[in-house]
Amino acid sequence: MSSNALVETWNIHNRIHLYVLDALKPDALAGVSSSKGRSVGQQFAHIHNVRLDWLKASAPELLDGVSKIEKEAAEDKARLKKSLKESGEAIAALIEKSVAANGRVKGFKPHVTAFVGYLISHESYHRGEIGIILAQSGNPLDKKTAYGMWEWGVR
């Protein structure tokens, strides 16, 4: 398996987050679902923060300059975008490092390909929640963005 294919897949996935975030009005980040829980911004922050947890466990040296987003800062669109870019790049570096280490990710089994699948599954679950929260809070994704999320060949 080429690290390029895994890294490219990861980078496309991360750009989808940024594509959705770019489409949102800043006030949409405060929206919460009818069942309460995390706001839209807090969902994006959670995605970023879980990445940092994996980096801390697997390759803490890749955390330089990347910081956690506290709950109070989760509605800062520019901060969310910057943080998702940074943590996305750090995870890409972890993927490359893991491929070079015979596919091993410290603290995760069985291998780096499953790790990428795990992260994408986890984050896509929360991106789905973001879509639901946006709809329930009166800020649904526009059709262009909702369909554009699936255009991986151009993202």
# chains A, B, ... in the order shown; residues from 1 in each chain; ligands from 1
call {"tool": "select_by_dssp", "arguments": {"residues": "chain A", "states": "helix (DSSP H, G or I)", "output": "ChimeraX atom specification"}}
result
/A:3-23,26-30,40-58,60-63,71-73,77-100,112-136,143-148
call {"tool": "closest_atom_pairs", "arguments": {"of": "segment 85-111 of chain A", "to": "segment 41-50 of chain A", "cutoff": "12 Å", "atoms": "only C-alpha atoms", "output": "tab-separated table"}}
result
residue	atom	partner	partner_atom	distance
A:Lys85	CA	A:His48	CA	9.2
A:Glu86	CA	A:His48	CA	9.0
A:Ser87	CA	A:His48	CA	6.3
A:Gly88	CA	A:His48	CA	8.2
A:Glu89	CA	A:His48	CA	11.3
A:Ala90	CA	A:His48	CA	10.8
A:Ile91	CA	A:His48	CA	10.3
call {"tool": "write_last_selection", "arguments": {"atoms": "C-alpha atoms", "output": "compact mmCIF listing (two decimals), in the first residue's frame"}}
result
# COMPACT_ATOMS: atom_id res chain seq x y z
CA LYS A 85 -6.19 22.21 8.70
CA GLU A 86 -3.39 21.84 11.26
CA SER A 87 -4.64 18.63 12.82
CA GLY A 88 -5.42 17.24 9.36
CA GLU A 89 -1.81 17.87 8.30
CA ALA A 90 -0.50 16.31 11.51
CA ILE A 91 -2.64 13.19 10.97
call {"tool": "residues_around", "arguments": {"residues": "segment 24-38 of chain A", "least_positions_apart": "4", "cutoff": "10 Å", "atoms": "only C-alpha atoms", "output": "PyMOL selection string"}}
result
chain A and resi 19-20+42-46+71+74-78+129-142+145
call {"tool": "residues_around", "arguments": {"residues": "Lys56 of chain A", "least_positions_apart": "5", "cutoff": "12 Å", "atoms": "only C-alpha atoms", "output": "number ranges by chain"}}
result
A: 49-51, 61-64, 66-68, 87, 90-91, 94, 105-107
call {"tool": "residues_around", "arguments": {"residues": "segment 108-110 of chain A", "least_positions_apart": "3", "cutoff": "12 Å", "atoms": "only C-alpha atoms", "output": "PDB file with N, CA and C atoms, in the first residue's frame"}}
result
ATOM      1  N   TRP A  54      -5.258  11.210  19.500  1.00  0.00           N
ATOM      2  CA  TRP A  54      -4.531  10.153  18.787  1.00  0.00           C
ATOM      3  C   TRP A  54      -3.081  10.546  18.565  1.00  0.00           C
ATOM      4  N   LEU A  55      -2.848  11.790  18.221  1.00  0.00           N
ATOM      5  CA  LEU A  55      -1.478  12.250  18.022  1.00  0.00           C
ATOM      6  C   LEU A  55      -0.681  12.178  19.330  1.00  0.00           C
ATOM      7  N   ALA A  57      -1.078  10.118  21.740  1.00  0.00           N
ATOM      8  CA  ALA A  57      -0.791   8.712  22.041  1.00  0.00           C
ATOM      9  C   ALA A  57       0.189   8.089  21.047  1.00  0.00           C
ATOM     10  N   SER A  58       0.118   8.502  19.789  1.00  0.00           N
ATOM     11  CA  SER A  58       0.862   7.813  18.732  1.00  0.00           C
ATOM     12  C   SER A  58       2.123   8.525  18.262  1.00  0.00           C
ATOM     13  N   ALA A  59       2.114   9.841  18.267  1.00  0.00           N
ATOM     14  CA  ALA A  59       3.266  10.600  17.756  1.00  0.00           C
ATOM     15  C   ALA A  59       3.237  12.015  18.328  1.00  0.00           C
ATOM     16  N   SER A  98       3.519   6.070   9.847  1.00  0.00           N
ATOM     17  CA  SER A  98       3.051   4.721  10.149  1.00  0.00           C
ATOM     18  C   SER A  98       3.258   3.769   8.976  1.00  0.00           C
ATOM     19  N   ASN A 102       6.168  -0.041   8.750  1.00  0.00           N
ATOM     20  CA  ASN A 102       5.495  -1.314   8.426  1.00  0.00           C
ATOM     21  C   ASN A 102       4.007  -1.301   8.728  1.00  0.00           C
ATOM     22  N   GLY A 103       3.387  -0.129   8.601  1.00  0.00           N
ATOM     23  CA  GLY A 103       1.942  -0.028   8.754  1.00  0.00           C
ATOM     24  C   GLY A 103       1.444   0.030  10.174  1.00  0.00           C
ATOM     25  N   ARG A 104       2.350   0.211  11.114  1.00  0.00           N
ATOM     26  CA  ARG A 104       1.942   0.228  12.515  1.00  0.00           C
ATOM     27  C   ARG A 104       1.682   1.647  13.015  1.00  0.00           C
ATOM     28  N   VAL A 105       0.601   1.783  13.769  1.00  0.00           N
ATOM     29  CA  VAL A 105       0.276   3.033  14.459  1.00  0.00           C
ATOM     30  C   VAL A 105       0.359   2.719  15.945  1.00  0.00           C
ATOM     31  N   THR A 113      -4.019   1.352   7.663  1.00  0.00           N
ATOM     32  CA  THR A 113      -5.187   1.457   6.782  1.00  0.00           C
ATOM     33  C   THR A 113      -6.476   1.407   7.608  1.00  0.00           C
ATOM     34  N   ALA A 114      -6.520   0.518   8.588  1.00  0.00           N
ATOM     35  CA  ALA A 114      -7.685   0.459   9.476  1.00  0.00           C
ATOM     36  C   ALA A 114      -7.798   1.737  10.307  1.00  0.00           C
ATOM     37  N   PHE A 115      -6.662   2.289  10.697  1.00  0.00           N
ATOM     38  CA  PHE A 115      -6.659   3.542  11.458  1.00  0.00           C
ATOM     39  C   PHE A 115      -7.299   4.667  10.659  1.00  0.00           C
ATOM     40  N   VAL A 116      -6.919   4.786   9.386  1.00  0.00           N
ATOM     41  CA  VAL A 116      -7.511   5.808   8.524  1.00  0.00           C
ATOM     42  C   VAL A 116      -9.016   5.564   8.394  1.00  0.00           C
ATOM     43  N   GLY A 117      -9.407   4.307   8.202  1.00  0.00           N
ATOM     44  CA  GLY A 117     -10.828   3.970   8.128  1.00  0.00           C
ATOM     45  C   GLY A 117     -11.562   4.323   9.407  1.00  0.00           C
ATOM     46  N   TYR A 118     -10.935   4.052  10.529  1.00  0.00           N
ATOM     47  CA  TYR A 118     -11.508   4.366  11.834  1.00  0.00           C
ATOM     48  C   TYR A 118     -11.741   5.872  11.977  1.00  0.00           C
ATOM     49  N   LEU A 119     -10.703   6.655  11.670  1.00  0.00           N
ATOM     50  CA  LEU A 119     -10.834   8.108  11.798  1.00  0.00           C
ATOM     51  C   LEU A 119     -11.905   8.660  10.863  1.00  0.00           C
TER      52      LEU A 119
END
call {"tool": "atom_distance", "arguments": {"atom1": "atom CA of His126 of chain A", "atom2": "atom CA of Val154 of chain A"}}
result
22.2 Å
call {"tool": "atom_distance", "arguments": {"atom1": "atom CA of Val7 of chain A", "atom2": "atom CA of Ala100 of chain A"}}
result
12.5 Å
call {"tool": "closest_residue", "arguments": {"among": "A:Leu84, A:Val99, A:Ser39, A:Ala5", "to": "Glu123 of chain A", "atoms": "only C-alpha atoms"}}
result
A:Leu84
call {"tool": "closest_residue", "arguments": {"among": "A:His111, A:His13, A:Pro60, A:Trp152", "to": "Ala93 of chain A", "atoms": "only C-alpha atoms"}}
result
A:Pro60
call {"tool": "select_by_dssp", "arguments": {"residues": "chain A", "states": "strand (DSSP E or B)", "output": "PyMOL selection string"}}
result
chain A and resi 33+36+105+108
call {"tool": "write_last_selection", "arguments": {"atoms": "N, CA and C atoms", "output": "PDB file, in the first residue's frame"}}
result
ATOM      1  N   SER A  33     -29.041  20.513  18.330  1.00  0.00           N
ATOM      2  CA  SER A  33     -30.152  19.665  17.905  1.00  0.00           C
ATOM      3  C   SER A  33     -31.301  19.746  18.895  1.00  0.00           C
ATOM      4  N   LYS A  36     -30.531  18.354  22.202  1.00  0.00           N
ATOM      5  CA  LYS A  36     -29.426  19.065  22.873  1.00  0.00           C
ATOM      6  C   LYS A  36     -28.085  18.456  22.461  1.00  0.00           C
ATOM      7  N   VAL A 105       0.601   1.783  13.769  1.00  0.00           N
ATOM      8  CA  VAL A 105       0.276   3.033  14.459  1.00  0.00           C
ATOM      9  C   VAL A 105       0.359   2.719  15.945  1.00  0.00           C
ATOM     10  N   PHE A 108      -2.750   1.593  18.246  1.00  0.00           N
ATOM     11  CA  PHE A 108      -3.914   1.212  17.430  1.00  0.00           C
ATOM     12  C   PHE A 108      -3.613  -0.091  16.714  1.00  0.00           C
TER      13      PHE A 108
END
call {"tool": "atom_distance", "arguments": {"atom1": "atom CA of Leu52 of chain A", "atom2": "atom CA of Lys82 of chain A"}}
result
13.9 Å
